[in-house]
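Asker: See query37.pdb below, with PDB, C-alpha atoms.
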MODEL        1
ATOM      1  CA  MET A   1     -57.704 -69.848  41.862
ATOM      2  CA  MET A   2     -59.808 -71.474  39.217
ATOM      3  CA  ALA A   3     -56.837 -71.237  36.934
ATOM      4  CA  LEU A   4     -54.822 -73.363  39.324
ATOM      5  CA  LEU A   5     -57.380 -76.052  38.776
ATOM      6  CA  LYS A   6     -57.597 -75.378  35.092
ATOM      7  CA  LYS A   7     -53.915 -76.131  34.611
ATOM      8  CA  LYS A   8     -54.404 -79.685  35.659
ATOM      9  CA  ASN A   9     -57.715 -81.426  35.202
ATOM     10  CA  LYS A  10     -58.922 -83.025  38.341
ATOM     11  CA  GLU A  11     -58.976 -86.743  37.862
ATOM     12  CA  ILE A  12     -60.836 -89.137  40.088
ATOM     13  CA  VAL A  13     -60.471 -92.876  39.742
ATOM     14  CA  LEU A  14     -62.549 -95.144  41.941
ATOM     15  CA  GLU A  15     -62.657 -98.908  41.809
ATOM     16  CA  ARG A  16     -65.098-101.256  43.472
ATOM     17  CA  SER A  17     -65.993-104.881  43.330
ATOM     18  CA  TYR A  18     -69.640-105.883  43.718
ATOM     19  CA  ALA A  19     -71.118-109.275  44.460
ATOM     20  CA  ALA A  20     -73.459-109.156  41.469
ATOM     21  CA  PRO A  21     -73.221-110.348  37.877
ATOM     22  CA  VAL A  22     -72.066-107.830  35.300
ATOM     23  CA  GLU A  23     -75.503-107.810  33.611
ATOM     24  CA  THR A  24     -77.130-106.646  36.847
ATOM     25  CA  VAL A  25     -74.573-103.876  37.325
ATOM     26  CA  TRP A  26     -74.958-102.800  33.705
ATOM     27  CA  LYS A  27     -78.731-102.525  34.161
ATOM     28  CA  ALA A  28     -78.264-100.557  37.374
ATOM     29  CA  TRP A  29     -76.270 -97.986  35.384
ATOM     30  CA  THR A  30     -78.346 -97.891  32.226
ATOM     31  CA  GLU A  31     -82.009 -98.317  33.169
ATOM     32  CA  ALA A  32     -83.596 -95.172  34.528
ATOM     33  CA  ASP A  33     -85.845 -96.868  37.098
ATOM     34  CA  ARG A  34     -82.849 -98.726  38.516
ATOM     35  CA  LEU A  35     -80.390 -95.834  38.298
ATOM     36  CA  SER A  36     -82.748 -93.573  40.223
ATOM     37  CA  LYS A  37     -82.756 -96.020  43.133
ATOM     38  CA  TRP A  38     -79.071 -95.633  43.985
ATOM     39  CA  TRP A  39     -77.870 -92.423  42.348
ATOM     40  CA  GLY A  40     -78.804 -89.918  45.047
ATOM     41  CA  PRO A  41     -76.662 -89.776  48.206
ATOM     42  CA  GLU A  42     -78.301 -89.958  51.622
ATOM     43  CA  LYS A  43     -80.817 -87.252  52.458
ATOM     44  CA  THR A  44     -81.630 -86.769  48.780
ATOM     45  CA  LYS A  45     -84.109 -88.219  46.328
ATOM     46  CA  VAL A  46     -83.955 -88.578  42.572
ATOM     47  CA  THR A  47     -86.926 -86.727  41.081
ATOM     48  CA  ASP A  48     -86.109 -86.991  37.378
ATOM     49  CA  CYS A  49     -84.195 -89.714  35.610
ATOM     50  CA  GLU A  50     -83.886 -90.229  31.875
ATOM     51  CA  VAL A  51     -81.473 -92.562  30.142
ATOM     52  CA  ASP A  52     -81.439 -92.551  26.353
ATOM     53  CA  LEU A  53     -78.903 -95.306  25.868
ATOM     54  CA  ARG A  54     -77.347 -94.558  22.474
ATOM     55  CA  ILE A  55     -74.376 -92.551  21.238
ATOM     56  CA  GLY A  56     -75.426 -88.911  21.438
ATOM     57  CA  GLY A  57     -78.304 -89.915  23.716
ATOM     58  CA  ARG A  58     -79.083 -88.008  26.877
ATOM     59  CA  LEU A  59     -78.551 -88.986  30.475
ATOM     60  CA  TYR A  60     -80.467 -86.661  32.787
ATOM     61  CA  VAL A  61     -80.752 -87.092  36.531
ATOM     62  CA  VAL A  62     -82.046 -84.571  39.044
ATOM     63  CA  THR A  63     -81.199 -85.100  42.692
ATOM     64  CA  GLU A  64     -83.187 -83.113  45.220
ATOM     65  CA  ALA A  65     -82.351 -82.436  48.867
ATOM     66  CA  THR A  66     -84.977 -83.834  51.234
ATOM     67  CA  GLU A  67     -86.238 -82.259  54.468
ATOM     68  CA  GLU A  68     -83.416 -84.046  56.277
ATOM     69  CA  MET A  69     -80.973 -81.626  54.671
ATOM     70  CA  GLY A  70     -82.444 -78.765  56.669
ATOM     71  CA  LYS A  71     -82.058 -75.412  55.020
ATOM     72  CA  TYR A  72     -80.988 -77.044  51.751
ATOM     73  CA  ALA A  73     -84.267 -78.969  51.520
ATOM     74  CA  GLY A  74     -85.723 -78.630  48.051
ATOM     75  CA  THR A  75     -82.411 -77.695  46.453
ATOM     76  CA  ARG A  76     -82.102 -79.458  43.121
ATOM     77  CA  TRP A  77     -78.898 -80.653  41.471
ATOM     78  CA  PRO A  78     -79.383 -81.684  37.843
ATOM     79  CA  MET A  79     -76.808 -83.655  35.901
ATOM     80  CA  GLU A  80     -77.123 -83.727  32.154
ATOM     81  CA  GLY A  81     -74.884 -85.877  30.049
ATOM     82  CA  THR A  82     -74.403 -87.160  26.538
ATOM     83  CA  PHE A  83     -73.261 -90.688  25.856
ATOM     84  CA  THR A  84     -70.111 -90.876  23.759
ATOM     85  CA  ARG A  85     -69.360 -94.599  24.196
ATOM     86  CA  ILE A  86     -71.675 -97.499  24.870
ATOM     87  CA  GLU A  87     -70.342-101.060  24.989
ATOM     88  CA  PRO A  88     -73.076-103.154  26.573
ATOM     89  CA  THR A  89     -72.062-104.685  29.862
ATOM     90  CA  SER A  90     -68.421-103.649  29.569
ATOM     91  CA  GLY A  91     -68.509 -99.894  29.677
ATOM     92  CA  LEU A  92     -69.843 -96.489  28.797
ATOM     93  CA  THR A  93     -68.648 -92.895  28.668
ATOM     94  CA  TYR A  94     -70.626 -89.704  28.962
ATOM     95  CA  ASP A  95     -69.721 -86.036  28.952
ATOM     96  CA  ALA A  96     -71.755 -84.227  31.544
ATOM     97  CA  ARG A  97     -72.566 -80.997  33.282
ATOM     98  CA  SER A  98     -73.729 -80.869  36.885
ATOM     99  CA  TRP A  99     -75.096 -77.781  38.544
ATOM    100  CA  GLN A 100     -77.343 -76.440  41.226
ATOM    101  CA  GLU A 101     -80.699 -75.263  39.940
ATOM    102  CA  GLY A 102     -81.025 -71.493  40.085
ATOM    103  CA  ASP A 103     -77.322 -70.797  39.698
ATOM    104  CA  GLU A 104     -76.319 -72.683  36.636
ATOM    105  CA  GLU A 105     -73.337 -70.524  35.780
ATOM    106  CA  GLY A 106     -71.889 -70.295  39.245
ATOM    107  CA  THR A 107     -72.162 -73.937  40.217
ATOM    108  CA  MET A 108     -71.431 -75.626  36.921
ATOM    109  CA  ILE A 109     -69.066 -78.582  36.836
ATOM    110  CA  HIS A 110     -68.106 -80.080  33.482
ATOM    111  CA  HIS A 111     -66.946 -83.639  33.743
ATOM    112  CA  THR A 112     -66.356 -86.717  31.662
ATOM    113  CA  ASN A 113     -67.300 -90.038  33.201
ATOM    114  CA  ASP A 114     -65.881 -93.291  32.070
ATOM    115  CA  VAL A 115     -67.392 -96.449  33.539
ATOM    116  CA  THR A 116     -65.735 -99.803  32.949
ATOM    117  CA  LEU A 117     -67.326-103.060  34.114
ATOM    118  CA  THR A 118     -65.337-106.266  34.270
ATOM    119  CA  SER A 119     -66.959-109.587  34.983
ATOM    120  CA  GLU A 120     -65.151-111.636  37.625
ATOM    121  CA  GLY A 121     -67.272-114.745  37.797
ATOM    122  CA  ASP A 122     -70.314-113.875  39.880
ATOM    123  CA  LYS A 123     -68.711-110.586  40.861
ATOM    124  CA  THR A 124     -68.280-107.386  38.934
ATOM    125  CA  HIS A 125     -65.393-104.978  39.106
ATOM    126  CA  VAL A 126     -66.346-101.366  38.471
ATOM    127  CA  ARG A 127     -63.813 -98.738  37.522
ATOM    128  CA  LEU A 128     -65.044 -95.175  37.434
ATOM    129  CA  HIS A 129     -62.843 -92.484  35.946
ATOM    130  CA  VAL A 130     -64.116 -88.940  36.317
ATOM    131  CA  THR A 131     -62.246 -86.073  34.713
ATOM    132  CA  ILE A 132     -63.378 -82.677  35.901
ATOM    133  CA  THR A 133     -62.603 -80.259  33.109
ATOM    134  CA  GLN A 134     -64.227 -77.050  34.345
ATOM    135  CA  ILE A 135     -65.506 -75.888  37.683
ATOM    136  CA  GLY A 136     -67.758 -72.916  38.305
ATOM    137  CA  PRO A 137     -66.953 -70.585  41.189
ATOM    138  CA  LYS A 138     -69.574 -72.100  43.463
ATOM    139  CA  ALA A 139     -69.364 -75.634  42.187
ATOM    140  CA  LYS A 140     -68.817 -77.030  45.641
ATOM    141  CA  LEU A 141     -72.575 -76.859  46.085
ATOM    142  CA  ALA A 142     -73.108 -78.991  43.022
ATOM    143  CA  ALA A 143     -70.890 -81.559  44.700
ATOM    144  CA  PHE A 144     -73.540 -81.538  47.437
ATOM    145  CA  GLY A 145     -71.275 -79.518  49.695
ATOM    146  CA  MET A 146     -70.366 -82.435  51.858
ATOM    147  CA  LYS A 147     -68.238 -80.130  53.882
ATOM    148  CA  TRP A 148     -70.576 -77.190  54.327
ATOM    149  CA  GLY A 149     -68.235 -75.767  56.908
ATOM    150  CA  TYR A 150     -65.906 -73.976  54.554
ATOM    151  CA  LYS A 151     -68.697 -72.445  52.540
ATOM    152  CA  SER A 152     -68.523 -68.968  53.978
ATOM    153  CA  GLN A 153     -64.821 -68.631  53.413
ATOM    154  CA  LEU A 154     -65.093 -69.759  49.834
ATOM    155  CA  ASP A 155     -67.974 -67.397  49.283
ATOM    156  CA  ALA A 156     -65.704 -64.632  50.455
ATOM    157  CA  LEU A 157     -63.068 -65.821  48.040
ATOM    158  CA  GLU A 158     -65.517 -65.836  45.155
ATOM    159  CA  GLU A 159     -66.664 -62.337  45.917
ATOM    160  CA  VAL A 160     -63.110 -61.155  45.991
ATOM    161  CA  LEU A 161     -62.066 -62.790  42.772
ATOM    162  CA  ALA A 162     -65.231 -61.773  40.972
ATOM    163  CA  SER A 163     -65.326 -58.142  42.046
TER
ATOM    164  CA  MET B 164     -66.837 -70.229  33.413
ATOM    165  CA  PHE B 165     -63.705 -68.789  34.983
ATOM    166  CA  SER B 166     -65.579 -65.528  35.340
ATOM    167  CA  ALA B 167     -64.656 -65.585  39.009
ATOM    168  CA  LEU B 168     -61.260 -64.422  37.902
ATOM    169  CA  GLY B 169     -62.712 -61.281  36.418
ATOM    170  CA  GLU B 170     -59.938 -59.433  38.202
ATOM    171  CA  PRO B 171     -56.738 -60.794  36.663
ATOM    172  CA  GLY B 172     -54.489 -58.557  38.751
ATOM    173  CA  ARG B 173     -55.495 -60.325  41.928
ATOM    174  CA  LEU B 174     -54.914 -63.697  40.385
ATOM    175  CA  ARG B 175     -51.426 -62.626  39.277
ATOM    176  CA  ILE B 176     -50.646 -61.605  42.836
ATOM    177  CA  VAL B 177     -51.898 -64.950  44.136
ATOM    178  CA  GLU B 178     -49.799 -66.792  41.561
ATOM    179  CA  LEU B 179     -46.732 -64.802  42.548
ATOM    180  CA  LEU B 180     -47.248 -65.452  46.262
ATOM    181  CA  ARG B 181     -47.610 -69.159  45.586
ATOM    182  CA  ARG B 182     -43.869 -69.245  44.906
ATOM    183  CA  ARG B 183     -42.833 -67.454  48.080
ATOM    184  CA  PRO B 184     -43.810 -64.500  50.269
ATOM    185  CA  HIS B 185     -43.155 -61.103  48.758
ATOM    186  CA  ALA B 186     -42.922 -57.544  50.036
ATOM    187  CA  VAL B 187     -45.337 -55.037  48.527
ATOM    188  CA  GLY B 188     -42.497 -53.341  46.683
ATOM    189  CA  GLU B 189     -41.420 -56.614  45.113
ATOM    190  CA  ILE B 190     -44.938 -57.343  43.919
ATOM    191  CA  VAL B 191     -45.109 -53.899  42.339
ATOM    192  CA  GLU B 192     -41.791 -54.482  40.633
ATOM    193  CA  ARG B 193     -42.360 -58.027  39.443
ATOM    194  CA  LEU B 194     -45.862 -57.529  38.136
ATOM    195  CA  GLY B 195     -45.318 -54.053  36.787
ATOM    196  CA  MET B 196     -48.416 -52.808  38.563
ATOM    197  CA  ARG B 197     -48.835 -49.505  40.336
ATOM    198  CA  GLN B 198     -48.312 -49.471  44.095
ATOM    199  CA  PRO B 199     -51.797 -48.157  45.026
ATOM    200  CA  GLN B 200     -53.344 -50.807  42.798
ATOM    201  CA  VAL B 201     -51.288 -53.595  44.412
ATOM    202  CA  SER B 202     -52.123 -52.319  47.888
ATOM    203  CA  LYS B 203     -55.793 -52.259  47.046
ATOM    204  CA  HIS B 204     -55.717 -55.842  45.741
ATOM    205  CA  LEU B 205     -53.751 -57.027  48.785
ATOM    206  CA  LYS B 206     -56.235 -55.400  51.103
ATOM    207  CA  VAL B 207     -59.121 -57.213  49.435
ATOM    208  CA  LEU B 208     -57.255 -60.517  49.419
ATOM    209  CA  ALA B 209     -56.394 -60.082  53.110
ATOM    210  CA  GLN B 210     -60.010 -59.320  54.002
ATOM    211  CA  ALA B 211     -61.016 -62.580  52.330
ATOM    212  CA  GLY B 212     -58.482 -64.471  54.413
ATOM    213  CA  LEU B 213     -56.394 -65.423  51.408
ATOM    214  CA  VAL B 214     -53.229 -63.576  52.322
ATOM    215  CA  ARG B 215     -51.738 -62.362  55.547
ATOM    216  CA  VAL B 216     -49.178 -59.699  56.200
ATOM    217  CA  GLN B 217     -46.086 -59.890  58.339
ATOM    218  CA  PRO B 218     -44.210 -56.679  59.014
ATOM    219  CA  ARG B 219     -40.458 -57.119  58.749
ATOM    220  CA  ALA B 220     -38.256 -54.101  59.390
ATOM    221  CA  ARG B 221     -39.647 -51.410  57.092
ATOM    222  CA  HIS B 222     -41.327 -53.925  54.814
ATOM    223  CA  ARG B 223     -44.705 -55.519  54.802
ATOM    224  CA  ILE B 224     -44.311 -59.134  53.661
ATOM    225  CA  TYR B 225     -47.345 -60.841  52.186
ATOM    226  CA  HIS B 226     -47.864 -64.612  52.470
ATOM    227  CA  LEU B 227     -50.561 -66.832  51.075
ATOM    228  CA  GLU B 228     -52.887 -68.128  53.754
ATOM    229  CA  ALA B 229     -52.400 -71.840  53.310
ATOM    230  CA  THR B 230     -55.657 -72.995  54.886
ATOM    231  CA  ALA B 231     -57.796 -71.107  52.403
ATOM    232  CA  PHE B 232     -56.097 -72.968  49.600
ATOM    233  CA  GLU B 233     -56.306 -76.296  51.342
ATOM    234  CA  GLU B 234     -60.031 -75.760  51.684
ATOM    235  CA  MET B 235     -60.217 -75.041  47.994
ATOM    236  CA  ARG B 236     -58.672 -78.445  47.395
ATOM    237  CA  ASP B 237     -61.064 -79.953  49.910
ATOM    238  CA  TRP B 238     -64.111 -79.048  47.921
ATOM    239  CA  VAL B 239     -62.690 -80.680  44.843
ATOM    240  CA  ASP B 240     -62.234 -83.728  47.053
ATOM    241  CA  SER B 241     -65.882 -83.487  48.012
ATOM    242  CA  PHE B 242     -66.753 -84.414  44.435
ATOM    243  CA  GLU B 243     -64.755 -87.574  44.980
ATOM    244  CA  GLU B 244     -66.565 -88.180  48.268
ATOM    245  CA  LEU B 245     -69.858 -87.823  46.472
ATOM    246  CA  TRP B 246     -68.850 -90.612  44.113
ATOM    247  CA  GLU B 247     -67.600 -92.785  46.974
ATOM    248  CA  THR B 248     -70.990 -92.368  48.628
ATOM    249  CA  ARG B 249     -72.794 -93.083  45.386
ATOM    250  CA  LEU B 250     -70.821 -96.270  44.738
ATOM    251  CA  ASP B 251     -71.590 -97.452  48.295
ATOM    252  CA  SER B 252     -75.216 -96.804  47.510
ATOM    253  CA  LEU B 253     -74.929 -98.835  44.282
ATOM    254  CA  GLY B 254     -73.502-101.689  46.357
ATOM    255  CA  ARG B 255     -76.478-101.610  48.725
ATOM    256  CA  TYR B 256     -78.882-101.478  45.796
ATOM    257  CA  LEU B 257     -77.230-104.503  44.158
ATOM    258  CA  VAL B 258     -77.457-106.485  47.402
ATOM    259  CA  GLU B 259     -81.173-105.655  47.624
ATOM    260  CA  GLN B 260     -81.619-106.723  43.998
ATOM    261  CA  GLU B 261     -79.982-110.064  44.651
ATOM    262  CA  GLU B 262     -82.142-110.608  47.725
ATOM    263  CA  GLU B 263     -85.332-109.783  45.852
ATOM    264  CA  GLU B 264     -84.464-112.276  43.154
ATOM    265  CA  LYS B 265     -83.816-115.010  45.711
ATOM    266  CA  GLU B 266     -87.245-114.575  47.275
ATOM    267  CA  PRO B 267     -89.853-117.034  45.968
TER
ENDMDL
END
Could you write out this file's structure as structure tokens?
Answerer:
Amino acid sequence: MMALLKKKNKEIVLERSYAAPVETVWKAWTEADRLSKWWGPEKTKVTDCEVDLRIGGRLYVVTEATEEMGKYAGTRWPMEGTFTRIEPTSGLTYDARSWQEGDEEGTMIHHTNDVTLTSEGDKTHVRLHVTITQIGPKAKLAAFGMKWGYKSQLDALEEVLAS
Amino acid sequence: MFSALGEPGRLRIVELLRRRPHAVGEIVERLGMRQPQVSKHLKVLAQAGLVRVQPRARHRIYHLEATAFEEMRDWVDSFEELWETRLDSLGRYLVEQEEEEKEP
């Protein structure tokens, strides 16, 4: 199953246009206090955020499930990356690992993130290219399990393939 | 990382069934595995809802259970959804930033 994914890296390309100058968007991506304000999806909070903005520097963000997430409350999802390209206000690239705390091996996702910012007057176009290169057997949780419903079946699958 | 595939025999069966349904005998023949071994793997895969069996004449034909595989794809999509959500959140943050700057 994992091998099916391994054969072809999963590529995600998302593009957005924001009504903000490119400098503001760049800061939102590269300054820890700003990044931590938008990084976590709903029902989560960012508890740790470090951005060492230089080639080889570390990007580390921990998102934690709040009480609103019910039984997942307190679950922590770290993301640790290394910058491989930094071109102020036009783009950056980082290789990263995301996982769920407590089951690093099982939930690990390896991904490369390429962010390109293009100034369009007072607007900014953002192109995000994520390449998922490896996915742990339970990585769906690291993706915040937005579709919790299929969890049990996949758990069964993992048990089968691992046993 | 792909430790989940610690049992390569089962993966080979899954790969074979991806092409088309096969009878147990065919699986044995094509993969060069022993019949009891194949039966054991199929039983486990069936219990997990990954394959289903359809008796035809004297044969037992095994199919992949499509929904299980669609769900597998779904969770990869959930990573994309996470990013969609996050970019929406960035948009809201940027609007707030702009508003704060406008305030005297």
Asker: Could you check how far CA of Gln217 (chain B) sits from CA of Pro171 (chain B), in Å to one decimal?
Answerer: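 Between CA of Gln217 (chain B) and CA of Pro171 (chain B) the gap is 24.2 Å.
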Asker: I want to know what sits within 8 Å of region 15-31 of chain A, based on only C-alpha atoms, with residues of the same chain fewer than 6 positions away left out; could you give that as a list in words?
Answerer: Val51, Leu53, Pro88, Thr89, Ser90, Leu117, Thr118, Ser119, Gly121, Asp122, Lys123, Thr124, His125, Val126, Arg127 and Leu128 of chain A; Leu250, Leu253, Gly254, Leu257, Val258 and Glu261 of chain B
Asker: From the set A:Thr84, A:Gln134, A:Thr47, A:Thr66, which residue has the shortest atom-to-atom contact distance to chain B, counting all atoms listed in the file?
Answerer: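 Under the stated criterion, the closest residue is A:Gln134.
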Asker: By how many Å are CA of Ile132 (chain A) and CA of Gly57 (chain A) apart?
Answerer: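 According to the coordinates, CA of Ile132 (chain A) and CA of Gly57 (chain A) are separated by 20.6 Å.
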Asker: For CA of Met69 (chain A) and CA of Thr44 (chain A), quote the distance in Å rounded to one decimal.
Answerer: 7.8 Å
Asker: What's the 8 Å shell around Val201 (chain B), counting only C-alpha atoms, without same-chain residues fewer than 6 positions away, as a list of chain:residue names?
Answerer: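 Neighbouring residues, sequence-local ones excluded: B:Val187, B:Ile190, B:Val191.
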Asker: For chain B, which residue among A:Leu92, A:Glu87, A:Gly106, A:Val115 is the nearest when counting all atoms listed in the file?
Answerer: A:Gly106
Asker: Can you tell me, as a list in words, what residues are no more than 6 Å from Arg76 (chain A) when counting all atoms listed in the file, ignoring any on the same chain fewer than 2 positions away?
Answerer: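 The contact residues come out as Thr63, Glu64, Gln100 and Glu101 of chain A.
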Asker: Given all atoms listed in the file as the basis, pick out the residue of B:His185, B:Arg173, B:Arg255, B:Arg249 nearest to Val207 (chain B).
Answerer: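 Counting all atoms listed in the file, the residue closest to Val207 (chain B) is B:Arg173.
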Asker: Give the answer as one residue: which of A:Gly56, A:Trp38, A:Val13, A:Ala32 has the shortest atom-to-atom distance to Gln260 (chain B), using all atoms listed in the file?
Answerer: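 The answer is A:Trp38, which sits nearest to Gln260 (chain B).
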Asker: Considering all atoms listed in the file, can you say which of A:His129, A:Lys37, A:His111, A:Arg85 comes closest to chain B?
Answerer: A:Lys37
Asker: Neighbouring residues of Lys206 (chain B) were defined as those with any atom within 12 Å, considering all atoms listed in the file; residues of the same chain fewer than 2 positions away were excluded. Please report them as a ChimeraX atom specification.
Answerer: /A:160 /B:173,176,187,199-204,208-216,225
Asker: Could you tell me, as a ChimeraX atom specification, exactly which residues end up selected when the PyMOL selection byres ((chain B and resi 248) around 12) is applied to this structure?
Answerer: /A:14,16,38-43,143-144,146 /B:241-247,249-255
